[in-house]
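Asker: For reference, the file entry.cif (mmCIF, N, CA and C atoms) is included below:
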```cif
data_my_file
#
loop_
_atom_site.group_PDB
_atom_site.id
_atom_site.type_symbol
_atom_site.label_atom_id
_atom_site.label_comp_id
_atom_site.auth_asym_id
_atom_site.auth_seq_id
_atom_site.Cartn_x
_atom_site.Cartn_y
_atom_site.Cartn_z
ATOM 1 N N MET A 1 -88.201 -31.281 9.812
ATOM 2 C CA MET A 1 -89.287 -32.230 9.690
ATOM 3 C C MET A 1 -89.734 -32.357 8.230
ATOM 4 N N ALA A 2 -89.935 -31.227 7.560
ATOM 5 C CA ALA A 2 -90.373 -31.277 6.162
ATOM 6 C C ALA A 2 -89.300 -31.898 5.278
ATOM 7 N N GLY A 3 -88.048 -31.607 5.572
ATOM 8 C CA GLY A 3 -86.951 -32.187 4.799
ATOM 9 C C GLY A 3 -86.883 -33.695 4.948
ATOM 10 N N GLN A 4 -87.148 -34.180 6.144
ATOM 11 C CA GLN A 4 -87.162 -35.628 6.378
ATOM 12 C C GLN A 4 -88.303 -36.291 5.625
ATOM 13 N N LEU A 5 -89.456 -35.662 5.629
ATOM 14 C CA LEU A 5 -90.601 -36.196 4.900
ATOM 15 C C LEU A 5 -90.319 -36.221 3.399
ATOM 16 N N PHE A 6 -89.732 -35.155 2.896
ATOM 17 C CA PHE A 6 -89.375 -35.087 1.473
ATOM 18 C C PHE A 6 -88.396 -36.204 1.127
ATOM 19 N N ALA A 7 -87.378 -36.407 1.955
ATOM 20 C CA ALA A 7 -86.371 -37.439 1.707
ATOM 21 C C ALA A 7 -86.981 -38.838 1.730
ATOM 22 N N ARG A 8 -87.943 -39.070 2.603
ATOM 23 C CA ARG A 8 -88.592 -40.382 2.686
ATOM 24 C C ARG A 8 -89.534 -40.622 1.518
ATOM 25 N N ALA A 9 -90.157 -39.566 1.020
ATOM 26 C CA ALA A 9 -91.134 -39.703 -0.064
ATOM 27 C C ALA A 9 -90.483 -39.779 -1.436
ATOM 28 N N LEU A 10 -89.318 -39.219 -1.587
ATOM 29 C CA LEU A 10 -88.683 -39.109 -2.902
ATOM 30 C C LEU A 10 -88.488 -40.449 -3.618
ATOM 31 N N PRO A 11 -87.998 -41.503 -2.971
ATOM 32 C CA PRO A 11 -87.822 -42.771 -3.691
ATOM 33 C C PRO A 11 -89.133 -43.350 -4.238
ATOM 34 N N VAL A 12 -90.230 -43.068 -3.585
ATOM 35 C CA VAL A 12 -91.525 -43.575 -4.022
ATOM 36 C C VAL A 12 -91.974 -42.905 -5.318
ATOM 37 N N VAL A 13 -91.533 -41.681 -5.530
ATOM 38 C CA VAL A 13 -91.912 -40.921 -6.728
ATOM 39 C C VAL A 13 -91.554 -41.690 -8.000
ATOM 40 N N ALA A 14 -90.442 -42.388 -7.991
ATOM 41 C CA ALA A 14 -89.995 -43.130 -9.173
ATOM 42 C C ALA A 14 -90.941 -44.272 -9.529
ATOM 43 N N THR A 15 -91.781 -44.688 -8.599
ATOM 44 C CA THR A 15 -92.717 -45.783 -8.865
ATOM 45 C C THR A 15 -94.064 -45.293 -9.395
ATOM 46 N N PHE A 16 -94.292 -43.994 -9.378
ATOM 47 C CA PHE A 16 -95.568 -43.453 -9.868
ATOM 48 C C PHE A 16 -95.716 -43.730 -11.357
ATOM 49 N N THR A 17 -96.947 -43.967 -11.792
ATOM 50 C CA THR A 17 -97.211 -44.223 -13.205
ATOM 51 C C THR A 17 -98.037 -43.120 -13.861
ATOM 52 N N SER A 18 -98.496 -42.183 -13.086
ATOM 53 C CA SER A 18 -99.348 -41.118 -13.599
ATOM 54 C C SER A 18 -98.528 -39.912 -14.064
ATOM 55 N N PRO A 19 -98.680 -39.510 -15.323
ATOM 56 C CA PRO A 19 -97.983 -38.303 -15.789
ATOM 57 C C PRO A 19 -98.354 -37.061 -14.980
ATOM 58 N N ARG A 20 -99.588 -36.976 -14.535
ATOM 59 C CA ARG A 20 -99.989 -35.821 -13.728
ATOM 60 C C ARG A 20 -99.237 -35.824 -12.395
ATOM 61 N N ALA A 21 -99.100 -36.995 -11.789
ATOM 62 C CA ALA A 21 -98.337 -37.094 -10.539
ATOM 63 C C ALA A 21 -96.882 -36.708 -10.777
ATOM 64 N N TRP A 22 -96.301 -37.144 -11.898
ATOM 65 C CA TRP A 22 -94.923 -36.768 -12.223
ATOM 66 C C TRP A 22 -94.801 -35.247 -12.312
ATOM 67 N N ALA A 23 -95.768 -34.626 -12.979
ATOM 68 C CA ALA A 23 -95.719 -33.168 -13.158
ATOM 69 C C ALA A 23 -95.800 -32.442 -11.816
ATOM 70 N N PHE A 24 -96.692 -32.887 -10.934
ATOM 71 C CA PHE A 24 -96.794 -32.248 -9.621
ATOM 72 C C PHE A 24 -95.526 -32.482 -8.801
ATOM 73 N N CYS A 25 -94.945 -33.661 -8.915
ATOM 74 C CA CYS A 25 -93.678 -33.932 -8.227
ATOM 75 C C CYS A 25 -92.579 -33.021 -8.751
ATOM 76 N N LEU A 26 -92.571 -32.782 -10.048
ATOM 77 C CA LEU A 26 -91.559 -31.901 -10.633
ATOM 78 C C LEU A 26 -91.678 -30.479 -10.100
ATOM 79 N N ILE A 27 -92.883 -30.046 -9.832
ATOM 80 C CA ILE A 27 -93.058 -28.715 -9.239
ATOM 81 C C ILE A 27 -92.404 -28.666 -7.858
ATOM 82 N N GLY A 28 -92.667 -29.691 -7.047
ATOM 83 C CA GLY A 28 -92.053 -29.750 -5.720
ATOM 84 C C GLY A 28 -90.544 -29.879 -5.782
ATOM 85 N N ILE A 29 -90.061 -30.703 -6.705
ATOM 86 C CA ILE A 29 -88.624 -30.884 -6.873
ATOM 87 C C ILE A 29 -87.966 -29.573 -7.304
ATOM 88 N N HIS A 30 -88.626 -28.855 -8.193
ATOM 89 C CA HIS A 30 -88.089 -27.560 -8.636
ATOM 90 C C HIS A 30 -87.896 -26.616 -7.449
ATOM 91 N N GLU A 31 -88.904 -26.526 -6.605
ATOM 92 C CA GLU A 31 -88.814 -25.638 -5.444
ATOM 93 C C GLU A 31 -87.740 -26.121 -4.462
ATOM 94 N N TYR A 32 -87.665 -27.421 -4.279
ATOM 95 C CA TYR A 32 -86.640 -27.971 -3.396
ATOM 96 C C TYR A 32 -85.242 -27.631 -3.906
ATOM 97 N N LEU A 33 -85.025 -27.814 -5.201
ATOM 98 C CA LEU A 33 -83.701 -27.559 -5.773
ATOM 99 C C LEU A 33 -83.355 -26.074 -5.811
ATOM 100 N N ARG A 34 -84.355 -25.220 -5.788
ATOM 101 C CA ARG A 34 -84.058 -23.783 -5.673
ATOM 102 C C ARG A 34 -83.364 -23.498 -4.347
ATOM 103 N N ARG A 35 -83.739 -24.248 -3.324
ATOM 104 C CA ARG A 35 -83.168 -24.057 -1.983
ATOM 105 C C ARG A 35 -81.919 -24.903 -1.767
ATOM 106 N N PHE A 36 -81.952 -26.155 -2.257
ATOM 107 C CA PHE A 36 -80.857 -27.103 -2.049
ATOM 108 C C PHE A 36 -80.376 -27.620 -3.398
ATOM 109 N N GLY A 37 -79.750 -26.765 -4.178
ATOM 110 C CA GLY A 37 -79.390 -27.069 -5.550
ATOM 111 C C GLY A 37 -78.413 -28.202 -5.770
ATOM 112 N N GLY A 38 -77.638 -28.568 -4.778
ATOM 113 C CA GLY A 38 -76.613 -29.580 -4.988
ATOM 114 C C GLY A 38 -77.040 -31.007 -4.688
ATOM 115 N N ASP A 39 -78.292 -31.244 -4.464
ATOM 116 C CA ASP A 39 -78.759 -32.580 -4.081
ATOM 117 C C ASP A 39 -78.841 -33.482 -5.313
ATOM 118 N N ARG A 40 -77.874 -34.386 -5.450
ATOM 119 C CA ARG A 40 -77.786 -35.225 -6.653
ATOM 120 C C ARG A 40 -78.936 -36.217 -6.778
ATOM 121 N N SER A 41 -79.372 -36.814 -5.680
ATOM 122 C CA SER A 41 -80.446 -37.806 -5.772
ATOM 123 C C SER A 41 -81.741 -37.159 -6.262
ATOM 124 N N VAL A 42 -82.014 -35.955 -5.807
ATOM 125 C CA VAL A 42 -83.210 -35.240 -6.251
ATOM 126 C C VAL A 42 -83.065 -34.855 -7.721
ATOM 127 N N SER A 43 -81.896 -34.428 -8.121
ATOM 128 C CA SER A 43 -81.657 -34.080 -9.529
ATOM 129 C C SER A 43 -81.834 -35.296 -10.434
ATOM 130 N N GLN A 44 -81.412 -36.456 -9.970
ATOM 131 C CA GLN A 44 -81.577 -37.681 -10.764
ATOM 132 C C GLN A 44 -83.051 -38.039 -10.934
ATOM 133 N N ILE A 45 -83.819 -37.927 -9.859
ATOM 134 C CA ILE A 45 -85.262 -38.190 -9.956
ATOM 135 C C ILE A 45 -85.896 -37.193 -10.917
ATOM 136 N N ARG A 46 -85.490 -35.937 -10.827
ATOM 137 C CA ARG A 46 -86.013 -34.914 -11.734
ATOM 138 C C ARG A 46 -85.752 -35.294 -13.186
ATOM 139 N N GLU A 47 -84.543 -35.693 -13.489
ATOM 140 C CA GLU A 47 -84.199 -36.070 -14.868
ATOM 141 C C GLU A 47 -85.008 -37.283 -15.332
ATOM 142 N N THR A 48 -85.230 -38.234 -14.447
ATOM 143 C CA THR A 48 -86.036 -39.408 -14.783
ATOM 144 C C THR A 48 -87.471 -39.005 -15.124
ATOM 145 N N LEU A 49 -88.063 -38.155 -14.293
ATOM 146 C CA LEU A 49 -89.449 -37.727 -14.532
ATOM 147 C C LEU A 49 -89.564 -36.891 -15.809
ATOM 148 N N ILE A 50 -88.605 -36.024 -16.043
ATOM 149 C CA ILE A 50 -88.615 -35.216 -17.263
ATOM 150 C C ILE A 50 -88.530 -36.117 -18.485
ATOM 151 N N ALA A 51 -87.654 -37.109 -18.432
ATOM 152 C CA ALA A 51 -87.513 -38.029 -19.567
ATOM 153 C C ALA A 51 -88.815 -38.787 -19.825
ATOM 154 N N ARG A 52 -89.491 -39.201 -18.763
ATOM 155 C CA ARG A 52 -90.770 -39.907 -18.932
ATOM 156 C C ARG A 52 -91.827 -39.009 -19.579
ATOM 157 N N LEU A 53 -91.921 -37.782 -19.098
ATOM 158 C CA LEU A 53 -92.907 -36.862 -19.668
ATOM 159 C C LEU A 53 -92.583 -36.532 -21.124
ATOM 160 N N MET A 54 -91.323 -36.323 -21.424
ATOM 161 C CA MET A 54 -90.939 -36.013 -22.803
ATOM 162 C C MET A 54 -91.179 -37.201 -23.728
ATOM 163 N N ASP A 55 -90.992 -38.409 -23.218
ATOM 164 C CA ASP A 55 -91.267 -39.601 -24.016
ATOM 165 C C ASP A 55 -92.747 -39.671 -24.378
ATOM 166 N N ILE A 56 -93.607 -39.426 -23.402
ATOM 167 C CA ILE A 56 -95.051 -39.424 -23.674
ATOM 168 C C ILE A 56 -95.401 -38.329 -24.670
ATOM 169 N N PHE A 57 -94.826 -37.153 -24.476
ATOM 170 C CA PHE A 57 -95.090 -36.043 -25.389
ATOM 171 C C PHE A 57 -94.666 -36.397 -26.812
ATOM 172 N N ASP A 58 -93.463 -36.951 -26.946
ATOM 173 C CA ASP A 58 -92.956 -37.311 -28.280
ATOM 174 C C ASP A 58 -93.839 -38.359 -28.952
ATOM 175 N N ARG A 59 -94.304 -39.335 -28.177
ATOM 176 C CA ARG A 59 -95.147 -40.379 -28.765
ATOM 177 C C ARG A 59 -96.543 -39.869 -29.112
ATOM 178 N N ALA A 60 -97.030 -38.878 -28.369
ATOM 179 C CA ALA A 60 -98.384 -38.378 -28.588
ATOM 180 C C ALA A 60 -98.455 -37.230 -29.591
ATOM 181 N N SER A 61 -97.342 -36.578 -29.820
ATOM 182 C CA SER A 61 -97.375 -35.419 -30.705
ATOM 183 C C SER A 61 -97.299 -35.839 -32.162
ATOM 184 N N SER A 62 -97.885 -35.015 -32.988
ATOM 185 C CA SER A 62 -97.915 -35.260 -34.429
ATOM 186 C C SER A 62 -96.903 -34.352 -35.101
ATOM 187 N N PRO A 63 -96.274 -34.824 -36.162
ATOM 188 C CA PRO A 63 -95.317 -33.961 -36.863
ATOM 189 C C PRO A 63 -95.963 -32.719 -37.464
ATOM 190 N N ILE A 64 -97.271 -32.742 -37.684
ATOM 191 C CA ILE A 64 -97.931 -31.570 -38.264
ATOM 192 C C ILE A 64 -98.663 -30.738 -37.226
ATOM 193 N N GLY A 65 -98.586 -31.136 -35.965
ATOM 194 C CA GLY A 65 -99.205 -30.355 -34.913
ATOM 195 C C GLY A 65 -100.394 -31.063 -34.289
ATOM 196 N N PRO A 66 -100.675 -30.747 -33.037
ATOM 197 C CA PRO A 66 -101.800 -31.388 -32.352
ATOM 198 C C PRO A 66 -103.142 -30.933 -32.943
ATOM 199 N N GLY A 67 -104.028 -31.860 -33.106
ATOM 200 C CA GLY A 67 -105.373 -31.536 -33.563
ATOM 201 C C GLY A 67 -105.524 -31.335 -35.056
ATOM 202 N N LEU A 68 -104.451 -31.393 -35.798
ATOM 203 C CA LEU A 68 -104.531 -31.199 -37.240
ATOM 204 C C LEU A 68 -104.578 -32.554 -37.921
ATOM 205 N N LYS A 69 -105.365 -32.622 -38.991
ATOM 206 C CA LYS A 69 -105.487 -33.870 -39.734
ATOM 207 C C LYS A 69 -104.719 -33.756 -41.046
ATOM 208 N N ARG A 70 -104.192 -34.873 -41.446
ATOM 209 C CA ARG A 70 -103.509 -34.915 -42.750
ATOM 210 C C ARG A 70 -104.560 -34.849 -43.855
ATOM 211 N N SER A 71 -104.246 -34.151 -44.930
ATOM 212 C CA SER A 71 -105.203 -34.074 -46.037
ATOM 213 C C SER A 71 -104.813 -35.006 -47.164
#
```
Could you write out this structure as structure tokens?
Answerer:
Amino acid sequence: MAGQLFARALPVVATFTSPRAWAFCLIGIHEYLRRFGGDRSVSQIRETLIARLMDIFDRASSPIGPGLKRS
């Protein structure tokens, strides 16, 4: 039952726009893949969410560090 719910919910994850939602989904995906490591569709969603989070991080981060001002 839980596996069916996970499979039905997974495609919707790609439509989320919230970085926090992506992060929570990644936690669930991590646990799922610990049990079912060969699931390619789940791995693809994981890679998509990771890329989105890293893109936001790269755009928001400063070359001199967060919270530091240039002098």
Asker: Name the residues in contact with region 41-48 of chain A at a cut-off of 7 Å, using only N, CA and C atoms, excluding same-chain residues fewer than 2 positions from it; report them as a list in words.
Answerer: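 Within the cut-off, the hits are Ala14, Leu26, Ile29, Gly38, Asp39, Ile50, Ala51, Arg52 and Leu53 of chain A.
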Asker: Please, which residues of chain A, numbered as in this document, come out helix (DSSP H, G or I) from DSSP, as an mmCIF file with N, CA and C atoms, keeping the file's coordinate frame?
Answerer:
```cif
data_model
loop_
_atom_site.group_PDB
_atom_site.id
_atom_site.type_symbol
_atom_site.label_atom_id
_atom_site.label_comp_id
_atom_site.auth_asym_id
_atom_site.auth_seq_id
_atom_site.Cartn_x
_atom_site.Cartn_y
_atom_site.Cartn_z
ATOM 1 N N ALA A 2 -89.935 -31.227 7.560
ATOM 2 C CA ALA A 2 -90.373 -31.277 6.162
ATOM 3 C C ALA A 2 -89.300 -31.898 5.278
ATOM 4 N N GLY A 3 -88.048 -31.607 5.572
ATOM 5 C CA GLY A 3 -86.951 -32.187 4.799
ATOM 6 C C GLY A 3 -86.883 -33.695 4.948
ATOM 7 N N GLN A 4 -87.148 -34.180 6.144
ATOM 8 C CA GLN A 4 -87.162 -35.628 6.378
ATOM 9 C C GLN A 4 -88.303 -36.291 5.625
ATOM 10 N N LEU A 5 -89.456 -35.662 5.629
ATOM 11 C CA LEU A 5 -90.601 -36.196 4.900
ATOM 12 C C LEU A 5 -90.319 -36.221 3.399
ATOM 13 N N PHE A 6 -89.732 -35.155 2.896
ATOM 14 C CA PHE A 6 -89.375 -35.087 1.473
ATOM 15 C C PHE A 6 -88.396 -36.204 1.127
ATOM 16 N N ALA A 7 -87.378 -36.407 1.955
ATOM 17 C CA ALA A 7 -86.371 -37.439 1.707
ATOM 18 C C ALA A 7 -86.981 -38.838 1.730
ATOM 19 N N ARG A 8 -87.943 -39.070 2.603
ATOM 20 C CA ARG A 8 -88.592 -40.382 2.686
ATOM 21 C C ARG A 8 -89.534 -40.622 1.518
ATOM 22 N N ALA A 9 -90.157 -39.566 1.020
ATOM 23 C CA ALA A 9 -91.134 -39.703 -0.064
ATOM 24 C C ALA A 9 -90.483 -39.779 -1.436
ATOM 25 N N LEU A 10 -89.318 -39.219 -1.587
ATOM 26 C CA LEU A 10 -88.683 -39.109 -2.902
ATOM 27 C C LEU A 10 -88.488 -40.449 -3.618
ATOM 28 N N PRO A 11 -87.998 -41.503 -2.971
ATOM 29 C CA PRO A 11 -87.822 -42.771 -3.691
ATOM 30 C C PRO A 11 -89.133 -43.350 -4.238
ATOM 31 N N VAL A 12 -90.230 -43.068 -3.585
ATOM 32 C CA VAL A 12 -91.525 -43.575 -4.022
ATOM 33 C C VAL A 12 -91.974 -42.905 -5.318
ATOM 34 N N VAL A 13 -91.533 -41.681 -5.530
ATOM 35 C CA VAL A 13 -91.912 -40.921 -6.728
ATOM 36 C C VAL A 13 -91.554 -41.690 -8.000
ATOM 37 N N PRO A 19 -98.680 -39.510 -15.323
ATOM 38 C CA PRO A 19 -97.983 -38.303 -15.789
ATOM 39 C C PRO A 19 -98.354 -37.061 -14.980
ATOM 40 N N ARG A 20 -99.588 -36.976 -14.535
ATOM 41 C CA ARG A 20 -99.989 -35.821 -13.728
ATOM 42 C C ARG A 20 -99.237 -35.824 -12.395
ATOM 43 N N ALA A 21 -99.100 -36.995 -11.789
ATOM 44 C CA ALA A 21 -98.337 -37.094 -10.539
ATOM 45 C C ALA A 21 -96.882 -36.708 -10.777
ATOM 46 N N TRP A 22 -96.301 -37.144 -11.898
ATOM 47 C CA TRP A 22 -94.923 -36.768 -12.223
ATOM 48 C C TRP A 22 -94.801 -35.247 -12.312
ATOM 49 N N ALA A 23 -95.768 -34.626 -12.979
ATOM 50 C CA ALA A 23 -95.719 -33.168 -13.158
ATOM 51 C C ALA A 23 -95.800 -32.442 -11.816
ATOM 52 N N PHE A 24 -96.692 -32.887 -10.934
ATOM 53 C CA PHE A 24 -96.794 -32.248 -9.621
ATOM 54 C C PHE A 24 -95.526 -32.482 -8.801
ATOM 55 N N CYS A 25 -94.945 -33.661 -8.915
ATOM 56 C CA CYS A 25 -93.678 -33.932 -8.227
ATOM 57 C C CYS A 25 -92.579 -33.021 -8.751
ATOM 58 N N LEU A 26 -92.571 -32.782 -10.048
ATOM 59 C CA LEU A 26 -91.559 -31.901 -10.633
ATOM 60 C C LEU A 26 -91.678 -30.479 -10.100
ATOM 61 N N ILE A 27 -92.883 -30.046 -9.832
ATOM 62 C CA ILE A 27 -93.058 -28.715 -9.239
ATOM 63 C C ILE A 27 -92.404 -28.666 -7.858
ATOM 64 N N GLY A 28 -92.667 -29.691 -7.047
ATOM 65 C CA GLY A 28 -92.053 -29.750 -5.720
ATOM 66 C C GLY A 28 -90.544 -29.879 -5.782
ATOM 67 N N ILE A 29 -90.061 -30.703 -6.705
ATOM 68 C CA ILE A 29 -88.624 -30.884 -6.873
ATOM 69 C C ILE A 29 -87.966 -29.573 -7.304
ATOM 70 N N HIS A 30 -88.626 -28.855 -8.193
ATOM 71 C CA HIS A 30 -88.089 -27.560 -8.636
ATOM 72 C C HIS A 30 -87.896 -26.616 -7.449
ATOM 73 N N GLU A 31 -88.904 -26.526 -6.605
ATOM 74 C CA GLU A 31 -88.814 -25.638 -5.444
ATOM 75 C C GLU A 31 -87.740 -26.121 -4.462
ATOM 76 N N TYR A 32 -87.665 -27.421 -4.279
ATOM 77 C CA TYR A 32 -86.640 -27.971 -3.396
ATOM 78 C C TYR A 32 -85.242 -27.631 -3.906
ATOM 79 N N LEU A 33 -85.025 -27.814 -5.201
ATOM 80 C CA LEU A 33 -83.701 -27.559 -5.773
ATOM 81 C C LEU A 33 -83.355 -26.074 -5.811
ATOM 82 N N ARG A 34 -84.355 -25.220 -5.788
ATOM 83 C CA ARG A 34 -84.058 -23.783 -5.673
ATOM 84 C C ARG A 34 -83.364 -23.498 -4.347
ATOM 85 N N ARG A 35 -83.739 -24.248 -3.324
ATOM 86 C CA ARG A 35 -83.168 -24.057 -1.983
ATOM 87 C C ARG A 35 -81.919 -24.903 -1.767
ATOM 88 N N ARG A 40 -77.874 -34.386 -5.450
ATOM 89 C CA ARG A 40 -77.786 -35.225 -6.653
ATOM 90 C C ARG A 40 -78.936 -36.217 -6.778
ATOM 91 N N SER A 41 -79.372 -36.814 -5.680
ATOM 92 C CA SER A 41 -80.446 -37.806 -5.772
ATOM 93 C C SER A 41 -81.741 -37.159 -6.262
ATOM 94 N N VAL A 42 -82.014 -35.955 -5.807
ATOM 95 C CA VAL A 42 -83.210 -35.240 -6.251
ATOM 96 C C VAL A 42 -83.065 -34.855 -7.721
ATOM 97 N N SER A 43 -81.896 -34.428 -8.121
ATOM 98 C CA SER A 43 -81.657 -34.080 -9.529
ATOM 99 C C SER A 43 -81.834 -35.296 -10.434
ATOM 100 N N GLN A 44 -81.412 -36.456 -9.970
ATOM 101 C CA GLN A 44 -81.577 -37.681 -10.764
ATOM 102 C C GLN A 44 -83.051 -38.039 -10.934
ATOM 103 N N ILE A 45 -83.819 -37.927 -9.859
ATOM 104 C CA ILE A 45 -85.262 -38.190 -9.956
ATOM 105 C C ILE A 45 -85.896 -37.193 -10.917
ATOM 106 N N ARG A 46 -85.490 -35.937 -10.827
ATOM 107 C CA ARG A 46 -86.013 -34.914 -11.734
ATOM 108 C C ARG A 46 -85.752 -35.294 -13.186
ATOM 109 N N GLU A 47 -84.543 -35.693 -13.489
ATOM 110 C CA GLU A 47 -84.199 -36.070 -14.868
ATOM 111 C C GLU A 47 -85.008 -37.283 -15.332
ATOM 112 N N THR A 48 -85.230 -38.234 -14.447
ATOM 113 C CA THR A 48 -86.036 -39.408 -14.783
ATOM 114 C C THR A 48 -87.471 -39.005 -15.124
ATOM 115 N N LEU A 49 -88.063 -38.155 -14.293
ATOM 116 C CA LEU A 49 -89.449 -37.727 -14.532
ATOM 117 C C LEU A 49 -89.564 -36.891 -15.809
ATOM 118 N N ILE A 50 -88.605 -36.024 -16.043
ATOM 119 C CA ILE A 50 -88.615 -35.216 -17.263
ATOM 120 C C ILE A 50 -88.530 -36.117 -18.485
ATOM 121 N N ALA A 51 -87.654 -37.109 -18.432
ATOM 122 C CA ALA A 51 -87.513 -38.029 -19.567
ATOM 123 C C ALA A 51 -88.815 -38.787 -19.825
ATOM 124 N N ARG A 52 -89.491 -39.201 -18.763
ATOM 125 C CA ARG A 52 -90.770 -39.907 -18.932
ATOM 126 C C ARG A 52 -91.827 -39.009 -19.579
ATOM 127 N N LEU A 53 -91.921 -37.782 -19.098
ATOM 128 C CA LEU A 53 -92.907 -36.862 -19.668
ATOM 129 C C LEU A 53 -92.583 -36.532 -21.124
ATOM 130 N N MET A 54 -91.323 -36.323 -21.424
ATOM 131 C CA MET A 54 -90.939 -36.013 -22.803
ATOM 132 C C MET A 54 -91.179 -37.201 -23.728
ATOM 133 N N ASP A 55 -90.992 -38.409 -23.218
ATOM 134 C CA ASP A 55 -91.267 -39.601 -24.016
ATOM 135 C C ASP A 55 -92.747 -39.671 -24.378
ATOM 136 N N ILE A 56 -93.607 -39.426 -23.402
ATOM 137 C CA ILE A 56 -95.051 -39.424 -23.674
ATOM 138 C C ILE A 56 -95.401 -38.329 -24.670
ATOM 139 N N PHE A 57 -94.826 -37.153 -24.476
ATOM 140 C CA PHE A 57 -95.090 -36.043 -25.389
ATOM 141 C C PHE A 57 -94.666 -36.397 -26.812
ATOM 142 N N ASP A 58 -93.463 -36.951 -26.946
ATOM 143 C CA ASP A 58 -92.956 -37.311 -28.280
ATOM 144 C C ASP A 58 -93.839 -38.359 -28.952
ATOM 145 N N ARG A 59 -94.304 -39.335 -28.177
ATOM 146 C CA ARG A 59 -95.147 -40.379 -28.765
ATOM 147 C C ARG A 59 -96.543 -39.869 -29.112
ATOM 148 N N ALA A 60 -97.030 -38.878 -28.369
ATOM 149 C CA ALA A 60 -98.384 -38.378 -28.588
ATOM 150 C C ALA A 60 -98.455 -37.230 -29.591
#
```
Asker: Work out how far apart CA of Val12 (chain A) and CA of Arg35 (chain A) are and give it in Å to one decimal.
Answerer: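 One can read the CA of Val12 (chain A) to CA of Arg35 (chain A) distance as 21.3 Å.
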Asker: Could you work out how far CA of Gly3 (chain A) lies from CA of Gly37 (chain A), giving the answer in Å with one decimal?
Answerer: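 About the pair CA of Gly37 (chain A) and CA of Gly3 (chain A): they are 13.8 Å apart.
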Asker: Please report the interatomic distance between atom C of Ala21 (chain A) and CA of Leu49 (chain A) in Å with one decimal.
Answerer: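 Atom-to-atom, atom C of Ala21 (chain A) to CA of Leu49 (chain A), that is 8.4 Å.
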